file run.tsv (TSV, C-alpha atoms)
chain	number	residue	atom	x	y	z
D	126	MET	CA	72.75	131.58	99.19
D	127	LYS	CA	73.19	129.43	96.06
D	128	HIS	CA	76.93	130.14	96.14
D	129	ILE	CA	77.21	129.12	99.78
D	130	ILE	CA	75.37	125.84	99.14
D	131	ALA	CA	77.50	125.14	96.06
D	132	LEU	CA	80.67	125.86	98.05
D	133	LEU	CA	79.50	123.59	100.87
D	134	ILE	CA	78.75	120.73	98.46
D	135	PHE	CA	82.11	121.20	96.75
D	136	THR	CA	83.96	121.20	100.09
D	137	VAL	CA	82.22	118.02	101.26
D	138	ALA	CA	82.90	116.29	97.93
D	139	MET	CA	86.57	117.24	97.97
D	140	GLY	CA	86.93	116.13	101.57
D	141	ALA	CA	85.40	112.77	100.71
D	142	ALA	CA	87.68	112.34	97.70
D	143	TYR	CA	90.89	113.27	99.50
D	144	GLY	CA	89.98	112.00	102.95
D	145	GLN	CA	90.22	108.40	101.85
D	146	THR	CA	92.95	106.17	103.17
D	147	LEU	CA	94.81	103.19	101.81
D	148	LYS	CA	93.20	99.90	102.74
D	149	THR	CA	95.02	96.65	103.35
D	150	VAL	CA	94.40	94.02	100.70
D	151	SER	CA	95.56	90.52	101.58
D	152	TYR	CA	96.54	88.06	98.89
D	153	TYR	CA	98.71	84.94	98.85
D	154	ASP	CA	101.71	83.33	97.22
D	155	ASN	CA	101.01	79.73	98.18
D	156	THR	CA	100.99	79.92	102.00
D	157	GLN	CA	102.81	83.28	102.29
D	158	LYS	CA	100.34	86.03	103.14
D	159	LEU	CA	101.02	89.33	101.36
D	160	ASN	CA	99.47	92.62	102.49
D	161	GLY	CA	99.31	95.25	99.79
D	162	LEU	CA	97.74	98.67	100.19
D	163	ALA	CA	95.09	99.91	97.77
D	164	LEU	CA	92.89	102.86	97.03
D	165	VAL	CA	90.47	102.40	94.14
D	166	GLN	CA	87.64	104.87	93.84
D	167	SER	CA	85.69	103.32	90.97
D	168	LYS	CA	85.66	100.13	88.94
D	169	GLN	CA	87.76	100.03	85.77
D	170	GLN	CA	89.84	103.01	86.91
D	171	ALA	CA	93.30	103.60	85.40
D	172	GLY	CA	95.88	102.69	88.00
D	173	VAL	CA	99.46	102.72	89.19
D	174	LEU	CA	101.08	99.68	90.77
D	175	ILE	CA	103.83	100.89	93.10
D	176	LEU	CA	106.75	98.57	93.83
D	177	PRO	CA	108.42	99.73	97.03
D	178	ALA	CA	112.13	100.17	97.70
D	179	TRP	CA	114.20	97.52	99.49
D	180	LYS	CA	112.78	98.07	102.98
D	181	GLY	CA	109.26	97.23	101.82
D	182	ILE	CA	106.15	99.37	102.09
D	183	ASP	CA	107.25	102.64	103.67
D	184	GLN	CA	105.95	106.17	104.10
D	185	GLU	CA	107.50	107.29	100.81
D	186	ALA	CA	105.48	104.66	98.92
D	187	LYS	CA	102.33	105.65	100.81
D	188	ASP	CA	102.88	109.34	100.07
D	189	ALA	CA	103.42	108.60	96.37
D	190	ALA	CA	100.21	106.54	96.35
D	191	MET	CA	98.18	109.35	97.89
D	192	GLU	CA	99.59	111.91	95.44
D	193	LEU	CA	98.77	109.66	92.48
D	194	HIS	CA	95.28	109.07	93.88
D	195	LYS	CA	94.73	112.84	94.11
D	196	GLN	CA	95.53	112.96	90.38
D	197	GLY	CA	92.70	110.49	89.71
D	198	TYR	CA	94.49	107.14	89.62
D	199	ALA	CA	93.70	103.95	91.44
D	200	VAL	CA	96.79	102.90	93.41
D	201	PHE	CA	98.19	99.68	94.81
D	202	ILE	CA	101.41	99.26	96.76
D	203	ALA	CA	102.70	95.71	96.35
D	204	ASP	CA	103.94	93.66	99.27
D	205	ILE	CA	106.91	91.79	97.86
D	206	TYR	CA	108.31	90.24	101.06
D	207	GLY	CA	105.13	89.10	102.79
D	208	GLU	CA	103.76	89.27	106.29
D	209	GLY	CA	106.42	88.87	108.96
D	210	ASN	CA	109.31	89.54	106.57
D	211	ILE	CA	109.79	93.29	106.90
D	212	PRO	CA	113.49	94.20	107.15
D	213	GLN	CA	114.37	96.25	110.22
D	214	ASP	CA	117.70	97.63	108.98
D	215	ASN	CA	119.82	98.00	105.83
D	216	GLU	CA	121.60	94.68	106.36
D	217	ALA	CA	118.32	92.77	106.56
D	218	ALA	CA	116.95	94.74	103.59
D	219	ALA	CA	120.04	93.91	101.51
D	220	LYS	CA	119.67	90.22	102.34
D	221	ILE	CA	115.98	89.85	101.45
D	222	ALA	CA	116.17	92.15	98.40
D	223	GLY	CA	119.21	90.16	97.25
D	224	GLN	CA	117.15	86.98	97.34
D	225	TYR	CA	114.63	88.49	94.92
D	226	LYS	CA	117.33	89.93	92.69
D	227	SER	CA	118.93	86.49	92.47
D	228	ASP	CA	115.63	84.68	92.01
D	229	TYR	CA	114.00	87.11	89.61
D	230	LYS	CA	111.25	84.59	88.75
D	231	ALA	CA	110.06	84.76	92.39
D	232	TYR	CA	110.15	88.57	92.16
D	233	GLN	CA	108.15	88.49	88.92
D	234	ARG	CA	105.62	86.15	90.55
D	235	ARG	CA	105.08	88.50	93.51
D	236	ILE	CA	104.57	91.41	91.10
D	237	GLU	CA	102.10	89.39	89.06
D	238	LEU	CA	100.16	88.44	92.19
D	239	ALA	CA	100.02	92.11	93.23
D	240	MET	CA	98.76	93.01	89.75
D	241	GLU	CA	96.00	90.37	90.02
D	242	ALA	CA	94.97	91.67	93.46
D	243	PHE	CA	94.92	95.24	92.09
D	244	VAL	CA	92.64	94.25	89.20
D	245	LYS	CA	90.33	92.40	91.63
D	246	GLU	CA	90.07	95.66	93.58
D	247	GLY	CA	88.74	97.37	90.45
D	248	ALA	CA	91.69	98.74	88.48
D	249	ASP	CA	91.42	98.51	84.70
D	250	ALA	CA	93.87	95.75	83.70
D	251	GLY	CA	94.56	97.51	80.38
D	252	LYS	CA	95.41	100.84	82.00
D	253	ILE	CA	97.96	100.11	84.72
D	254	ALA	CA	101.41	101.64	85.00
D	255	VAL	CA	104.10	99.99	87.12
D	256	ILE	CA	106.56	102.25	88.93
D	257	GLY	CA	109.30	101.82	91.49
D	258	TYR	CA	112.50	103.29	92.85
D	259	CYS	CA	115.76	101.35	93.21
D	260	PHE	CA	114.72	97.80	94.20
D	261	GLY	CA	111.17	98.69	93.11
D	262	GLY	CA	112.58	100.07	89.85
D	263	THR	CA	114.22	96.73	89.22
D	264	GLY	CA	110.78	95.23	89.81
D	265	ALA	CA	109.22	97.55	87.23
D	266	LEU	CA	111.76	96.28	84.70
D	267	GLU	CA	111.04	92.69	85.75
D	268	ALA	CA	107.31	93.32	85.25
D	269	ALA	CA	108.03	94.46	81.70
D	270	ARG	CA	110.36	91.54	81.04
D	271	ALA	CA	107.88	89.00	82.39
D	272	ASP	CA	105.04	90.66	80.49
D	273	ALA	CA	103.14	90.90	83.79
D	274	CYS	CA	100.41	92.96	82.19
D	275	ASP	CA	99.22	93.34	78.64
D	276	ARG	CA	99.19	97.10	78.09
D	277	CYS	CA	101.12	98.40	81.07
D	278	GLY	CA	103.49	101.28	81.15
D	279	GLU	CA	106.59	100.61	83.24
D	280	HIS	CA	108.83	103.24	84.73
D	281	SER	CA	111.95	102.57	86.72
D	282	TRP	CA	114.05	104.96	88.76
D	283	ARG	CA	117.64	103.82	89.23
D	284	PRO	CA	117.28	100.18	88.19
D	285	VAL	CA	119.90	97.98	89.75
D	286	LYS	CA	120.56	95.26	87.18
D	287	LYS	CA	119.88	94.64	83.52
D	288	ARG	CA	118.74	91.15	82.54
D	289	GLY	CA	118.14	89.39	79.25
D	290	PRO	CA	115.61	90.30	76.59
D	291	SER	CA	111.92	90.82	77.26
D	292	LYS	CA	109.28	88.34	76.08
D	293	ARG	CA	107.61	91.24	74.30
D	294	SER	CA	108.07	91.81	70.58
D	295	TYR	CA	107.87	95.47	69.66
call {"tool": "encode", "arguments": {"input": "run.tsv", "output": "structure tokens"}}
result
Amino acid sequence: MKHIIALLIFTVAMGAAYGQTLKTVSYYDNTQKLNGLALVQSKQQAGVLILPAWKGIDQEAKDAAMELHKQGYAVFIADIYGEGNIPQDNEAAAKIAGQYKSDYKAYQRRIELAMEAFVKEGADAGKIAVIGYCFGGTGALEAARADACDRCGEHSWRPVKKRGPSKRSY
């Protein structure tokens, strides 16, 4: 009987931990509303800021977030483009991503705003990694270059462009 009760408690606890879903977190860049997705289980939790590829928040980013959450991390998927600016095809994605590649300060600002929203949700500001693929990978490099967080770890997959030196002194 004790084993059955223990198994039942374990099953309910695991279901609660993994049954959670990403919640929309709205934040702003001046008047532009941004809608990130977050899942933070406890305050001051180590986290991963995910910078999506050039078509914005997609299923791949959401799947990565859920996998990282299952490993015990708080997660936040940044909204770089903002509400109403989601590209519908590759041509539109190339155009809007190109704007942020050309105006890297605007890209850095959007990443910084996402980081601030993530910390407000409960992530530990000193234990956040920034990751991204392709356009998001470029963003991870921009986060490092802009010193968007104090003790972040940045990881980029297939970065698109190399820019000048970082503000950091190693």
call {"tool": "atom_distance", "arguments": {"input": "run.tsv", "atom1": "atom CA of Lys230 of chain D", "atom2": "atom CA of Ala217 of chain D"}}
result
20.8 Å
call {"tool": "atom_distance", "arguments": {"input": "run.tsv", "atom1": "atom CA of Gln233 of chain D", "atom2": "atom CA of Ile205 of chain D"}}
result
9.6 Å
call {"tool": "closest_residue", "arguments": {"input": "run.tsv", "among": "D:Tyr232, D:Ala269, D:Ala219, D:Glu241", "to": "Gly161 of chain D", "atoms": "only C-alpha atoms"}}
result
D:Glu241
call {"tool": "closest_residue", "arguments": {"input": "run.tsv", "among": "D:Lys148, D:Ala265, D:Glu192, D:Ala199", "to": "Val244 of chain D", "atoms": "only C-alpha atoms"}}
result
D:Ala199
call {"tool": "atom_distance", "arguments": {"input": "run.tsv", "atom1": "atom CA of Leu162 of chain D", "atom2": "atom CA of Leu193 of chain D"}}
result
13.5 Å
call {"tool": "closest_residue", "arguments": {"input": "run.tsv", "among": "D:Ala242, D:Val173, D:Ala178, D:Ala189", "to": "Val150 of chain D", "atoms": "all atoms listed in the file"}}
result
D:Ala242
call {"tool": "residues_around", "arguments": {"input": "run.tsv", "residues": "Val200 of chain D", "least_positions_apart": "4", "cutoff": "9 Å", "atoms": "all atoms listed in the file", "output": "list in words"}}
result
Leu147, Leu162, Ala163, Leu164, Val165, Ala171, Gly172, Val173, Leu174, Ile175, Ala190, Met191, Leu193, His194, Phe243 and Ala248 of chain D
call {"tool": "write_last_selection", "arguments": {"input": "run.tsv", "atoms": "C-alpha atoms", "output": "PDB file, in the frame of the given file"}}
result
ATOM      1  CA  LEU D 147      94.810 103.190 101.810  1.00  0.00           C
ATOM      2  CA  LEU D 162      97.740  98.670 100.190  1.00  0.00           C
ATOM      3  CA  ALA D 163      95.090  99.910  97.770  1.00  0.00           C
ATOM      4  CA  LEU D 164      92.890 102.860  97.030  1.00  0.00           C
ATOM      5  CA  VAL D 165      90.470 102.400  94.140  1.00  0.00           C
ATOM      6  CA  ALA D 171      93.300 103.600  85.400  1.00  0.00           C
ATOM      7  CA  GLY D 172      95.880 102.690  88.000  1.00  0.00           C
ATOM      8  CA  VAL D 173      99.460 102.720  89.190  1.00  0.00           C
ATOM      9  CA  LEU D 174     101.080  99.680  90.770  1.00  0.00           C
ATOM     10  CA  ILE D 175     103.830 100.890  93.100  1.00  0.00           C
ATOM     11  CA  ALA D 190     100.210 106.540  96.350  1.00  0.00           C
ATOM     12  CA  MET D 191      98.180 109.350  97.890  1.00  0.00           C
ATOM     13  CA  LEU D 193      98.770 109.660  92.480  1.00  0.00           C
ATOM     14  CA  HIS D 194      95.280 109.070  93.880  1.00  0.00           C
ATOM     15  CA  PHE D 243      94.920  95.240  92.090  1.00  0.00           C
ATOM     16  CA  ALA D 248      91.690  98.740  88.480  1.00  0.00           C
TER      17      ALA D 248
END
call {"tool": "closest_residue", "arguments": {"input": "run.tsv", "among": "D:Ile202, D:Cys259, D:Ala268, D:Ile211", "to": "Tyr229 of chain D", "atoms": "all atoms listed in the file"}}
result
D:Ala268
call {"tool": "closest_residue", "arguments": {"input": "run.tsv", "among": "D:Leu238, D:Ala186, D:Ile221, D:Ile256", "to": "Gln157 of chain D", "atoms": "only C-alpha atoms"}}
result
D:Leu238
call {"tool": "residues_around", "arguments": {"input": "run.tsv", "residues": "Ala218 of chain D", "least_positions_apart": "5", "cutoff": "8 Å", "atoms": "all atoms listed in the file", "output": "ChimeraX atom specification"}}
result
/D:179-180,212-213
call {"tool": "closest_residue", "arguments": {"input": "run.tsv", "among": "D:Lys226, D:Lys168, D:Arg270, D:Lys220", "to": "Lys245 of chain D", "atoms": "all atoms listed in the file"}}
result
D:Lys168
call {"tool": "build_atoms", "arguments": {"input": "run.tsv", "residues": "segment 207-224 of chain D", "atoms": "N, CA and C atoms", "output": "compact mmCIF listing (two decimals), in the coordinates of the input"}}
result
# COMPACT_ATOMS: atom_id res chain seq x y z
N GLY D 207 106.13 89.87 102.08
CA GLY D 207 105.13 89.10 102.79
C GLY D 207 105.10 89.39 104.28
N GLU D 208 103.98 89.03 104.86
CA GLU D 208 103.76 89.27 106.29
C GLU D 208 104.85 88.62 107.13
N GLY D 209 105.38 89.39 108.07
CA GLY D 209 106.42 88.87 108.96
C GLY D 209 107.82 88.94 108.40
N ASN D 210 107.99 89.48 107.21
CA ASN D 210 109.31 89.54 106.57
C ASN D 210 109.76 90.96 106.26
N ILE D 211 109.44 91.89 107.13
CA ILE D 211 109.79 93.29 106.90
C ILE D 211 111.18 93.55 107.48
N PRO D 212 112.13 93.96 106.65
CA PRO D 212 113.49 94.20 107.15
C PRO D 212 113.53 95.38 108.11
N GLN D 213 114.29 95.21 109.19
CA GLN D 213 114.37 96.25 110.22
C GLN D 213 115.56 97.19 110.03
N ASP D 214 116.53 96.78 109.20
CA ASP D 214 117.70 97.63 108.98
C ASP D 214 118.23 97.37 107.57
N ASN D 215 119.27 98.12 107.19
CA ASN D 215 119.82 98.00 105.83
C ASN D 215 120.40 96.62 105.56
N GLU D 216 121.02 96.02 106.55
CA GLU D 216 121.60 94.68 106.36
C GLU D 216 120.52 93.65 106.05
N ALA D 217 119.44 93.69 106.81
CA ALA D 217 118.32 92.77 106.56
C ALA D 217 117.66 93.06 105.21
N ALA D 218 117.55 94.35 104.87
CA ALA D 218 116.95 94.74 103.59
C ALA D 218 117.81 94.24 102.43
N ALA D 219 119.13 94.38 102.57
CA ALA D 219 120.04 93.91 101.51
C ALA D 219 119.92 92.40 101.33
N LYS D 220 119.77 91.68 102.41
CA LYS D 220 119.67 90.22 102.34
C LYS D 220 118.39 89.78 101.63
N ILE D 221 117.25 90.30 102.05
CA ILE D 221 115.98 89.85 101.45
C ILE D 221 115.83 90.37 100.03
N ALA D 222 116.24 91.62 99.77
CA ALA D 222 116.17 92.15 98.40
C ALA D 222 117.10 91.35 97.49
N GLY D 223 118.26 90.97 98.02
CA GLY D 223 119.21 90.16 97.25
C GLY D 223 118.62 88.83 96.84
N GLN D 224 117.80 88.25 97.69
CA GLN D 224 117.15 86.98 97.34
C GLN D 224 116.27 87.14 96.11
